[in-house]
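Okay, entry-v9.txt now, which holds compact mmCIF, C-alpha atoms and all ligand atoms:
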```
# COMPACT_ATOMS: atom_id res chain seq x y z
CA MET L 28 -12.89 28.79 29.24
CA ASP L 29 -9.96 28.50 26.83
CA VAL L 30 -7.23 25.97 27.51
CA ILE L 31 -3.79 27.32 26.62
CA PHE L 32 -0.69 25.23 25.96
CA SER L 33 2.69 26.39 24.79
CA GLY L 34 6.33 25.42 25.13
CA ILE L 35 9.86 26.61 24.54
CA GLN L 36 12.93 24.42 23.98
CA PRO L 37 15.79 24.68 26.48
CA SER L 38 18.18 24.44 23.55
CA GLY L 39 20.04 27.72 23.95
CA SER L 40 19.89 31.16 25.41
CA LEU L 41 16.44 32.66 24.74
CA THR L 42 16.26 35.53 22.26
CA LEU L 43 14.24 38.71 22.02
CA GLY L 44 12.32 36.83 19.29
CA ASN L 45 11.32 34.08 21.74
CA TYR L 46 10.25 36.76 24.19
CA LEU L 47 8.17 38.92 21.84
CA GLY L 48 6.84 36.06 19.72
CA ALA L 49 5.98 33.71 22.56
CA LEU L 50 6.97 34.07 26.22
CA ARG L 51 5.64 37.58 26.81
CA ASN L 52 2.26 36.58 25.42
CA PHE L 53 1.90 33.59 27.75
CA ILE L 54 1.44 35.87 30.76
CA PRO L 55 -1.93 37.64 30.16
CA PHE L 56 -3.68 34.32 29.40
CA GLN L 57 -3.14 33.13 32.98
CA GLU L 58 -5.74 35.67 34.19
CA LYS L 59 -8.50 34.27 31.99
CA ALA L 60 -7.72 30.71 30.91
CA GLU L 61 -6.49 27.30 32.05
CA CYS L 62 -2.79 27.49 31.14
CA TYR L 63 -0.09 24.84 30.66
CA TYR L 64 3.43 26.13 29.99
CA CYS L 65 5.98 23.49 29.29
CA ILE L 66 9.75 23.32 28.98
CA VAL L 67 10.00 21.05 25.97
CA ASN L 68 13.30 19.29 26.64
CA GLN L 69 12.33 16.26 24.53
CA HIS L 70 12.08 18.54 21.50
CA ALA L 71 15.52 19.93 22.34
CA ILE L 72 17.10 16.46 21.98
CA THR L 73 15.97 16.20 18.35
CA VAL L 74 19.44 17.66 17.74
CA PRO L 75 22.51 16.62 19.77
CA GLN L 76 22.71 18.21 23.24
CA GLU L 77 25.25 18.07 26.01
CA ALA L 78 23.63 16.43 29.07
CA ALA L 79 24.87 18.77 31.81
CA LEU L 80 24.04 21.83 29.75
CA LEU L 81 20.55 20.60 28.88
CA HIS L 82 19.87 19.97 32.58
CA GLU L 83 21.05 23.47 33.50
CA ARG L 84 19.11 25.15 30.71
CA THR L 85 15.92 23.31 31.66
CA ARG L 86 16.01 24.75 35.19
CA ASN L 87 17.05 28.16 33.95
CA LEU L 88 14.18 28.30 31.47
CA ALA L 89 11.72 27.54 34.27
CA ALA L 90 13.24 30.43 36.24
CA LEU L 91 12.92 32.69 33.21
CA TYR L 92 9.24 31.78 32.74
CA ILE L 93 8.56 32.86 36.32
CA ALA L 94 10.79 35.95 36.08
CA CYS L 95 8.66 37.08 33.12
CA GLY L 96 5.57 37.07 35.32
CA MET L 97 4.27 33.55 35.06
CA ASP L 98 2.45 32.75 38.29
CA PRO L 99 2.58 29.10 39.40
CA LYS L 100 -0.70 29.62 41.27
CA LYS L 101 -2.43 30.53 38.01
CA ALA L 102 -0.55 28.52 35.38
CA THR L 103 0.83 24.98 35.36
CA ILE L 104 4.58 25.13 34.72
CA PHE L 105 6.34 21.83 34.06
CA VAL L 106 9.04 19.89 32.24
CA GLN L 107 7.95 17.76 29.27
CA SER L 108 10.09 14.69 30.06
CA GLU L 109 8.59 14.47 33.57
CA VAL L 110 5.13 13.72 32.17
CA PRO L 111 5.61 10.45 30.25
CA GLU L 112 2.28 10.77 28.44
CA HIS L 113 3.97 13.25 26.05
CA ALA L 114 6.30 10.59 24.66
CA LEU L 115 3.60 7.93 24.82
CA LEU L 116 1.00 9.91 22.88
CA GLY L 117 3.87 11.20 20.72
CA TRP L 118 4.43 7.63 19.50
CA MET L 119 0.73 7.27 18.68
CA MET L 120 0.89 10.55 16.75
CA ILE L 121 3.99 9.34 14.87
CA CYS L 122 1.97 6.28 13.88
CA THR L 123 -0.82 8.59 12.67
CA SER L 124 1.63 10.59 10.49
CA TYR L 125 2.84 10.05 6.92
CA VAL L 126 6.50 10.20 5.86
CA GLY L 127 5.65 12.46 2.90
CA GLU L 128 3.97 15.17 4.98
CA MET L 129 6.85 15.17 7.47
CA GLU L 130 9.45 15.44 4.70
CA ARG L 131 7.62 18.48 3.36
CA MET L 132 7.81 20.47 6.63
CA THR L 133 9.95 23.55 6.00
CA GLN L 134 11.51 23.57 9.48
CA TYR L 135 12.47 19.91 9.07
CA LYS L 136 14.06 20.62 5.71
CA SER L 137 16.17 23.52 6.92
CA LYS L 138 17.22 21.86 10.20
CA ALA L 139 18.00 18.58 8.40
CA ARG L 140 20.21 20.41 5.90
CA LYS L 141 22.03 22.17 8.73
CA GLU L 142 22.58 19.02 10.82
CA GLU L 143 23.74 17.02 7.82
CA ALA L 144 26.32 19.67 6.98
CA LYS L 145 27.47 19.89 10.60
CA GLU L 146 27.32 16.26 11.80
CA GLY L 147 27.15 14.23 8.59
CA PHE L 148 23.75 12.72 9.45
CA ILE L 149 20.10 13.72 9.94
CA PRO L 150 18.69 12.75 13.35
CA LEU L 151 15.36 10.93 12.85
CA GLY L 152 13.90 12.90 15.78
CA LEU L 153 13.93 16.00 13.57
CA MET L 154 11.40 14.31 11.31
CA THR L 155 9.18 13.17 14.17
CA TYR L 156 9.31 16.58 15.91
CA PRO L 157 5.83 17.67 14.65
CA PRO L 158 3.88 14.60 15.92
CA LEU L 159 5.51 15.04 19.35
CA MET L 160 4.46 18.69 19.33
CA ALA L 161 0.93 17.60 18.35
CA ALA L 162 0.89 15.22 21.34
CA ASP L 163 1.98 18.04 23.68
CA ILE L 164 -0.93 20.17 22.60
CA LEU L 165 -3.62 17.50 22.25
CA LEU L 166 -3.01 15.93 25.70
CA TYR L 167 -4.51 19.01 27.37
CA GLN L 168 -7.56 19.42 25.09
CA THR L 169 -5.99 22.76 24.20
CA THR L 170 -8.05 25.41 22.41
CA LEU L 171 -5.36 28.08 21.85
CA VAL L 172 -1.59 27.87 21.31
CA PRO L 173 0.36 31.14 21.61
CA VAL L 174 3.43 30.85 19.36
CA GLY L 175 5.45 32.88 16.86
CA GLU L 176 4.70 32.90 13.15
CA ASP L 177 7.33 30.24 12.37
CA GLN L 178 5.09 27.65 14.05
CA THR L 179 2.23 28.02 11.55
CA GLN L 180 3.02 24.81 9.69
CA HIS L 181 3.44 22.84 12.94
CA MET L 182 0.03 24.06 14.06
CA GLU L 183 -1.56 23.03 10.77
CA ILE L 184 -0.12 19.52 11.04
CA THR L 185 -1.30 19.30 14.67
CA ARG L 186 -4.86 19.98 13.53
CA ASP L 187 -4.51 17.54 10.61
CA LEU L 188 -3.30 14.76 12.93
CA ALA L 189 -6.05 15.44 15.48
CA GLU L 190 -8.70 15.34 12.74
CA ARG L 191 -7.24 12.18 11.22
CA PHE L 192 -7.21 10.45 14.61
CA ASN L 193 -10.72 11.60 15.54
CA ARG L 194 -12.11 10.49 12.16
CA LYS L 195 -10.63 7.01 12.44
CA TYR L 196 -10.97 6.28 16.15
CA GLY L 197 -13.69 8.60 17.45
CA GLU L 198 -13.75 12.11 18.92
CA VAL L 199 -10.90 12.21 21.43
CA PHE L 200 -9.06 15.47 20.71
CA THR L 201 -10.10 19.12 20.68
CA LEU L 202 -8.89 20.96 17.56
CA PRO L 203 -6.54 23.74 18.72
CA LYS L 204 -6.04 27.14 17.09
CA MET L 205 -2.82 29.07 16.80
CA TRP L 206 -2.58 32.48 18.48
CA ALA L 207 0.14 34.82 17.18
CA PRO L 208 0.72 38.37 18.47
CA GLN L 209 -0.01 41.48 16.38
CA GLY L 210 3.58 42.69 16.72
CA GLY L 211 6.71 40.63 17.30
CA ALA L 212 5.45 37.38 15.75
CA ARG L 213 8.55 37.25 13.55
CA VAL L 214 11.61 39.10 14.81
CA MET L 215 14.42 39.01 12.25
CA SER L 216 18.21 38.79 12.61
CA LEU L 217 19.92 42.12 13.33
CA GLN L 218 22.61 41.28 10.77
CA ASP L 219 20.51 39.65 8.04
CA PRO L 220 16.90 40.86 8.15
CA SER L 221 15.86 38.21 5.60
CA SER L 222 16.35 35.44 8.19
CA LYS L 223 14.69 34.84 11.56
CA MET L 224 16.39 35.84 14.82
CA SER L 225 17.42 32.49 16.23
CA LYS L 226 18.95 30.97 19.39
CA SER L 227 21.44 29.05 17.27
CA ASP L 228 22.79 31.86 15.04
CA ASP L 229 26.59 31.67 14.87
CA ASN L 230 26.90 35.44 14.41
CA GLU L 231 26.73 36.90 17.94
CA TRP L 232 25.73 40.32 16.58
CA ALA L 233 22.59 38.91 14.95
CA THR L 234 20.71 38.08 18.12
CA ILE L 235 19.70 39.84 21.31
CA HIS L 236 19.55 37.34 24.12
CA MET L 237 17.21 37.89 27.03
CA LEU L 238 20.17 37.53 29.39
CA ASP L 239 22.42 40.03 27.57
CA ASP L 240 23.68 42.83 29.79
CA THR L 241 22.96 46.48 28.97
CA ASP L 242 26.34 47.08 27.39
CA THR L 243 25.94 44.19 25.00
CA ILE L 244 22.44 45.29 23.99
CA VAL L 245 23.73 48.82 23.30
CA LYS L 246 26.48 47.45 21.06
CA LYS L 247 24.24 45.00 19.19
CA ILE L 248 21.61 47.62 18.37
CA LYS L 249 24.32 50.09 17.31
CA ARG L 250 25.70 47.47 14.90
CA ALA L 251 22.28 46.36 13.59
CA VAL L 252 22.13 46.73 9.81
CA THR L 253 20.04 49.59 8.42
CA ASP L 254 20.43 51.29 5.02
CA SER L 255 21.63 54.50 3.44
CA LEU L 256 18.17 56.09 3.09
CA GLY L 257 18.40 57.64 6.54
CA HIS L 258 14.70 57.92 7.43
CA VAL L 259 12.77 55.84 9.94
CA HIS L 260 10.13 54.34 7.67
CA TYR L 261 8.35 50.97 7.62
CA ASP L 262 8.81 49.14 4.33
CA LYS L 263 9.99 45.55 4.52
CA GLU L 264 10.97 45.51 0.82
CA THR L 265 13.14 48.62 0.62
CA GLN L 266 14.16 49.00 4.31
CA PRO L 267 14.14 45.50 5.82
CA GLY L 268 16.65 46.27 8.60
CA VAL L 269 14.93 49.45 9.79
CA SER L 270 11.52 47.77 9.48
CA ASN L 271 12.68 44.94 11.72
CA LEU L 272 13.91 47.41 14.34
CA MET L 273 10.61 49.28 14.06
CA SER L 274 8.66 46.07 14.63
CA ILE L 275 10.62 45.49 17.87
CA TYR L 276 10.04 49.12 18.87
CA ALA L 277 6.30 48.82 18.12
CA ALA L 278 5.94 45.55 20.04
CA LEU L 279 7.64 47.00 23.13
CA SER L 280 6.09 50.48 23.10
CA GLY L 281 2.61 49.64 21.81
CA LYS L 282 2.98 52.42 19.22
CA SER L 283 1.88 52.05 15.59
CA TYR L 284 4.36 52.32 12.70
CA GLU L 285 2.79 55.65 11.71
CA ASP L 286 3.35 57.04 15.22
CA ILE L 287 6.97 55.91 15.20
CA GLU L 288 7.54 57.42 11.74
CA ARG L 289 6.06 60.71 12.95
CA ASP L 290 8.12 60.73 16.17
CA TYR L 291 11.40 60.25 14.28
CA GLU L 292 10.71 62.41 11.24
CA GLY L 293 13.87 64.33 10.34
CA LYS L 294 15.88 62.51 13.02
CA GLY L 295 18.53 59.98 12.03
CA TYR L 296 18.87 56.32 12.90
CA GLY L 297 21.17 57.16 15.86
CA ILE L 298 18.42 58.64 18.05
CA PHE L 299 15.95 55.95 17.03
CA LYS L 300 18.44 53.22 17.91
CA LYS L 301 19.20 54.82 21.25
CA ASP L 302 15.52 54.96 22.19
CA LEU L 303 15.01 51.39 21.00
CA THR L 304 17.91 50.27 23.21
CA ASP L 305 16.30 52.04 26.20
CA LEU L 306 13.02 50.25 25.50
CA ILE L 307 14.68 46.82 25.36
CA VAL L 308 16.81 47.41 28.46
CA GLY L 309 13.81 48.84 30.35
CA GLU L 310 11.79 45.70 29.61
CA MET L 311 14.57 43.19 30.30
CA ALA L 312 16.27 44.67 33.40
CA PRO L 313 13.55 43.75 35.95
CA ILE L 314 13.15 40.30 34.38
CA LEU L 315 16.88 39.71 34.69
CA GLU L 316 16.90 40.74 38.32
CA ARG L 317 14.09 38.31 39.23
CA TYR L 318 15.71 35.60 37.12
CA HIS L 319 18.98 35.73 39.05
CA GLU L 320 17.11 35.52 42.36
CA LEU L 321 15.23 32.44 41.22
CA THR L 322 17.82 30.24 39.50
CA GLY L 323 19.44 28.89 42.66
CA SER L 324 16.28 28.80 44.74
CA PRO L 325 14.69 25.54 46.01
CA GLU L 326 11.35 27.24 45.36
CA LEU L 327 11.89 26.38 41.70
CA ASP L 328 11.80 22.62 42.42
CA ARG L 329 8.63 22.96 44.47
CA ILE L 330 6.95 24.80 41.58
CA LEU L 331 8.04 22.23 38.98
CA ASP L 332 7.00 19.28 41.20
CA GLU L 333 3.56 20.77 41.63
CA GLY L 334 3.37 21.57 37.91
CA ARG L 335 4.24 17.99 37.00
CA GLU L 336 1.43 16.65 39.18
CA LYS L 337 -1.20 18.96 37.76
CA ALA L 338 -0.09 18.38 34.17
CA GLU L 339 0.08 14.63 34.63
CA ALA L 340 -3.49 14.45 35.92
CA LYS L 341 -4.92 16.14 32.85
CA ALA L 342 -2.55 14.43 30.40
CA HIS L 343 -3.35 11.00 31.80
CA ALA L 344 -7.09 11.46 31.33
CA THR L 345 -6.69 12.26 27.61
CA TYR L 346 -4.07 9.57 27.12
CA THR L 347 -6.39 6.95 28.63
CA ARG L 348 -9.17 7.95 26.23
CA ALA L 349 -6.72 7.82 23.30
CA ILE L 350 -5.39 4.31 24.03
CA HIS L 351 -8.91 2.99 24.45
CA ALA L 352 -10.01 4.59 21.19
CA MET L 353 -7.02 3.07 19.37
CA GLY L 354 -7.40 -0.37 20.93
CA LEU L 355 -4.11 -0.19 22.80
CA TYR L 356 -5.36 -2.11 25.84
CA ARG L 357 -5.85 -5.68 26.89
P1 LIG L 401 11.37 27.28 20.11
O1 LIG L 401 12.02 27.09 21.41
O2 LIG L 401 12.17 27.14 18.87
O3 LIG L 401 10.65 28.69 20.07
C1 LIG L 401 9.84 29.09 21.14
C2 LIG L 401 8.85 30.13 20.70
O4 LIG L 401 9.51 31.30 20.23
C3 LIG L 401 8.97 31.68 18.98
N1 LIG L 401 10.04 32.32 18.18
C4 LIG L 401 9.96 33.53 17.62
N2 LIG L 401 8.96 34.43 17.57
C5 LIG L 401 9.20 35.60 16.93
N3 LIG L 401 10.37 35.88 16.29
C6 LIG L 401 11.40 35.00 16.30
N4 LIG L 401 12.53 35.29 15.70
C7 LIG L 401 11.21 33.76 16.98
N5 LIG L 401 12.00 32.68 17.20
C8 LIG L 401 11.27 31.81 17.93
C9 LIG L 401 8.48 30.39 18.35
O5 LIG L 401 7.51 30.63 17.38
C10 LIG L 401 7.94 29.66 19.54
O6 LIG L 401 6.62 30.05 19.83
N6 LIG L 401 8.12 24.05 18.25
C11 LIG L 401 8.22 25.00 19.37
C12 LIG L 401 8.31 24.30 20.70
C13 LIG L 401 7.14 23.43 21.03
C14 LIG L 401 5.80 23.89 21.21
C15 LIG L 401 5.05 22.72 21.55
C16 LIG L 401 5.19 25.13 21.11
C17 LIG L 401 7.15 22.09 21.25
N7 LIG L 401 5.88 21.66 21.57
C18 LIG L 401 3.67 22.81 21.78
C19 LIG L 401 3.81 25.19 21.35
C20 LIG L 401 3.06 24.06 21.67
C21 LIG L 401 9.40 25.92 19.10
O7 LIG L 401 9.62 26.34 18.02
O8 LIG L 401 10.19 26.23 20.13
```
Structure rendered as structure tokens:
Amino acid sequence: MDVIFSGIQPSGSLTLGNYLGALRNFIPFQEKAECYYCIVNQHAITVPQEAALLHERTRNLAALYIACGMDPKKATIFVQSEVPEHALLGWMMICTSYVGEMERMTQYKSKARKEEAKEGFIPLGLMTYPPLMAADILLYQTTLVPVGEDQTQHMEITRDLAERFNRKYGEVFTLPKMWAPQGGARVMSLQDPSSKMSKSDDNEWATIHMLDDTDTIVKKIKRAVTDSLGHVHYDKETQPGVSNLMSIYAALSGKSYEDIERDYEGKGYGIFKKDLTDLIVGEMAPILERYHELTGSPELDRILDEGREKAEAKAHATYTRAIHAMGLYR
């Protein structure tokens, strides 16, 4: 049976990209695999966070996981910082990493540039983000990691670190594979289709948040950039904006690009955008309703306590093997 691990940072309000690229795809695995779904708050603190807000977002993200259909009876749902083995194995993975390979990571480079411009310094945690992510995954002997396309390089380094450790100290870790969805693996900004839709975009029109109300979604899709060609056609080179909207449409409806092109032949962008809005609202409305029921509920704490216990048991077993292999014992 496959072992699935994935995580999302409680670093901002989740986007449609997070949903289509990751969260939505977590759910079907719980029927057929051993699943660990984590709220990776220790990754969130690789850039400055406000304590009260981080606390609130951590709980809210757990509620959102469950509102999306995650079943605590079938999947282990937990908070990263509550299972200390993540940080402990994270340190061992940092010590297995090379400065050069971390400096070459594209996500490190872009986040470092951004933080330096904003704060005047580069937090070291940004550089050690990938070995901590490797520890997350390797602790559970994970076989498959459902993530969006932007995580490809992090998954490659995770495999490299696992192989390097196994070669030097003996076979401790399973080599995990990345699993990315057919559609929705890279949702782009609604205002600049050459960049990824992101939680931290300063332009509010660029991003659809999972918690946006219907009115806001209508306005954001209306304002989404298209082009002057006027036909619904998939071509990322010549019609990047429309192609991005079509990829969201395809991911939500299950239709192919050819089907969508046929359905909207001779119709303008207005009708297409209206139908796309209906699809997004139709998907999000029931999630939102469940989410609001869950956020204040004590049930959430019971679920996360139980998740911590289950995660800890498995994580501890791997961690014990790893410290013995490395000679970190008396
Ligand atoms: P985070 O919180 O930045 O992103 C969470 C997930 O959302 C996906 N994603 C997208 N997918 C499609 N289109 C987009 N525009 C888009 N934006 C984000 C990401 O690919 C990711 O799957 N490094 C992870 C967090 C992490 C993790 C782990 C994941 C830490 N440890 C272990 C898996 C396994 C991240 O990027 O989180």
In Å to one decimal, how far is atom CA of Gly34 of chain L from atom CA of Gly152 of chain L?
-> 17.4 Å
When the cut-off is 8 Å and you count all atoms listed in the file, which residues lie near ligand LIG 401 (chain L), shown as a PyMOL selection string?
-> chain L and resi 32-38+41-50+65+67+70+156-157+159-161+163-164+172-178+181+211-216+223-226
Work out how far apart atom CA of Thr85 of chain L and atom CA of Glu326 of chain L are and give it in Å to one decimal.
-> 15.0 Å
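Atom pair atom CA of Val74 of chain L / atom CA of Pro203 of chain L has a distance of 26.7 Å (rounded to one decimal).
Between Asp240 of chain L and the residues L:Ala189, L:Met273, L:Ile287, L:Ile314, the shortest atom-to-atom distance, using all atoms listed in the file, involves L:Ile314.
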If you count all atoms listed in the file, which residues fall within 12 Å of segment 293-295 of chain L, apart from same-chain ones fewer than 5 positions away, as a ChimeraX atom specification?
-> /L:253-260,269,287-288,300-302
Neighbours of Trp232 of chain L within 7 Å (only C-alpha atoms; same-chain residues fewer than 2 positions away dropped), as an NGL selection string?
-> :L and (217-218 or 230 or 234 or 247)
Taking all atoms of segment 205-213 of chain L that the file lists and extending 3 Å past them on each side, where is the centre of the axis-aligned box and how long are its edges? Answer in Å to one decimal, as lines of an AutoDock Vina configuration file.
```
center_x = 2.9
center_y = 35.9
center_z = 16.0
size_x = 17.4
size_y = 19.6
size_z = 10.9
```
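Closest approach to Tyr318 of chain L from the set L:Gln76, L:Asn87, L:Ser227, L:Gln107 is made by L:Asn87, with distances taken over all atoms listed in the file.
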Please tabulate, as a tab-separated table, the residues of segment 183-293 of chain L that come within 12 Å of segment 126-133 of chain L, each with its closest pair of atoms and the distance in Å to one decimal, counting all atoms listed in the file and ordering rows by chain, then residue number upward.
```
residue	atom	partner	partner_atom	distance
L:Glu183	CA	L:Met132	CA	10.6
L:Ile184	CA	L:Glu128	CA	8.5
L:Thr185	CA	L:Met129	CA	11.6
L:Asp187	CA	L:Glu128	CA	10.5
L:Leu188	CA	L:Glu128	CA	10.8
```
Mind dumping segment 79-131 of chain L from that block, keeping C-alpha atoms, as a PDB file, in the first residue's frame?
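Listed below is the output, selection_31.pdb:
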```pdb
ATOM      1  CA  ALA L  79      -1.092  35.279  16.948  1.00  0.00           C
ATOM      2  CA  LEU L  80      -1.828  35.130  13.235  1.00  0.00           C
ATOM      3  CA  LEU L  81       0.277  31.999  12.699  1.00  0.00           C
ATOM      4  CA  HIS L  82      -1.587  30.293  15.552  1.00  0.00           C
ATOM      5  CA  GLU L  83      -4.955  31.238  14.070  1.00  0.00           C
ATOM      6  CA  ARG L  84      -4.000  30.202  10.554  1.00  0.00           C
ATOM      7  CA  THR L  85      -2.718  26.832  11.762  1.00  0.00           C
ATOM      8  CA  ARG L  86      -6.115  25.952  13.261  1.00  0.00           C
ATOM      9  CA  ASN L  87      -7.971  27.369  10.297  1.00  0.00           C
ATOM     10  CA  LEU L  88      -5.928  25.323   7.852  1.00  0.00           C
ATOM     11  CA  ALA L  89      -6.787  22.159   9.776  1.00  0.00           C
ATOM     12  CA  ALA L  90     -10.466  23.118   9.510  1.00  0.00           C
ATOM     13  CA  LEU L  91     -10.054  23.715   5.787  1.00  0.00           C
ATOM     14  CA  TYR L  92      -8.430  20.298   5.267  1.00  0.00           C
ATOM     15  CA  ILE L  93     -11.459  18.657   6.877  1.00  0.00           C
ATOM     16  CA  ALA L  94     -13.952  20.930   5.091  1.00  0.00           C
ATOM     17  CA  CYS L  95     -12.448  19.745   1.789  1.00  0.00           C
ATOM     18  CA  GLY L  96     -13.348  16.163   2.648  1.00  0.00           C
ATOM     19  CA  MET L  97     -10.366  14.920   4.584  1.00  0.00           C
ATOM     20  CA  ASP L  98     -11.586  12.239   6.983  1.00  0.00           C
ATOM     21  CA  PRO L  99      -9.670  11.972  10.269  1.00  0.00           C
ATOM     22  CA  LYS L 100     -10.700   8.311  10.496  1.00  0.00           C
ATOM     23  CA  LYS L 101      -8.911   7.592   7.227  1.00  0.00           C
ATOM     24  CA  ALA L 102      -6.048  10.096   7.178  1.00  0.00           C
ATOM     25  CA  THR L 103      -3.690  11.347   9.878  1.00  0.00           C
ATOM     26  CA  ILE L 104      -4.048  15.133  10.162  1.00  0.00           C
ATOM     27  CA  PHE L 105      -1.509  16.931  12.341  1.00  0.00           C
ATOM     28  CA  VAL L 106       0.623  19.997  12.994  1.00  0.00           C
ATOM     29  CA  GLN L 107       4.332  19.745  12.139  1.00  0.00           C
ATOM     30  CA  SER L 108       5.673  21.512  15.253  1.00  0.00           C
ATOM     31  CA  GLU L 109       3.790  19.075  17.517  1.00  0.00           C
ATOM     32  CA  VAL L 110       5.869  16.136  16.291  1.00  0.00           C
ATOM     33  CA  PRO L 111       9.438  17.072  17.292  1.00  0.00           C
ATOM     34  CA  GLU L 112      10.992  14.399  15.072  1.00  0.00           C
ATOM     35  CA  HIS L 113      10.457  16.744  12.088  1.00  0.00           C
ATOM     36  CA  ALA L 114      12.901  19.314  13.445  1.00  0.00           C
ATOM     37  CA  LEU L 115      15.227  16.620  14.781  1.00  0.00           C
ATOM     38  CA  LEU L 116      15.514  14.723  11.510  1.00  0.00           C
ATOM     39  CA  GLY L 117      15.482  18.111   9.751  1.00  0.00           C
ATOM     40  CA  TRP L 118      18.799  18.914  11.457  1.00  0.00           C
ATOM     41  CA  MET L 119      20.258  15.587  10.322  1.00  0.00           C
ATOM     42  CA  MET L 120      19.110  16.358   6.771  1.00  0.00           C
ATOM     43  CA  ILE L 121      20.683  19.837   6.972  1.00  0.00           C
ATOM     44  CA  CYS L 122      23.930  18.115   7.921  1.00  0.00           C
ATOM     45  CA  THR L 123      23.529  15.832   4.893  1.00  0.00           C
ATOM     46  CA  SER L 124      23.068  18.838   2.546  1.00  0.00           C
ATOM     47  CA  TYR L 125      25.603  20.997   0.698  1.00  0.00           C
ATOM     48  CA  VAL L 126      25.544  24.807   0.662  1.00  0.00           C
ATOM     49  CA  GLY L 127      25.996  24.874  -3.130  1.00  0.00           C
ATOM     50  CA  GLU L 128      22.946  22.736  -3.905  1.00  0.00           C
ATOM     51  CA  MET L 129      20.786  24.796  -1.533  1.00  0.00           C
ATOM     52  CA  GLU L 130      21.954  28.072  -3.075  1.00  0.00           C
ATOM     53  CA  ARG L 131      20.939  26.762  -6.490  1.00  0.00           C
TER      54      ARG L 131
END
```
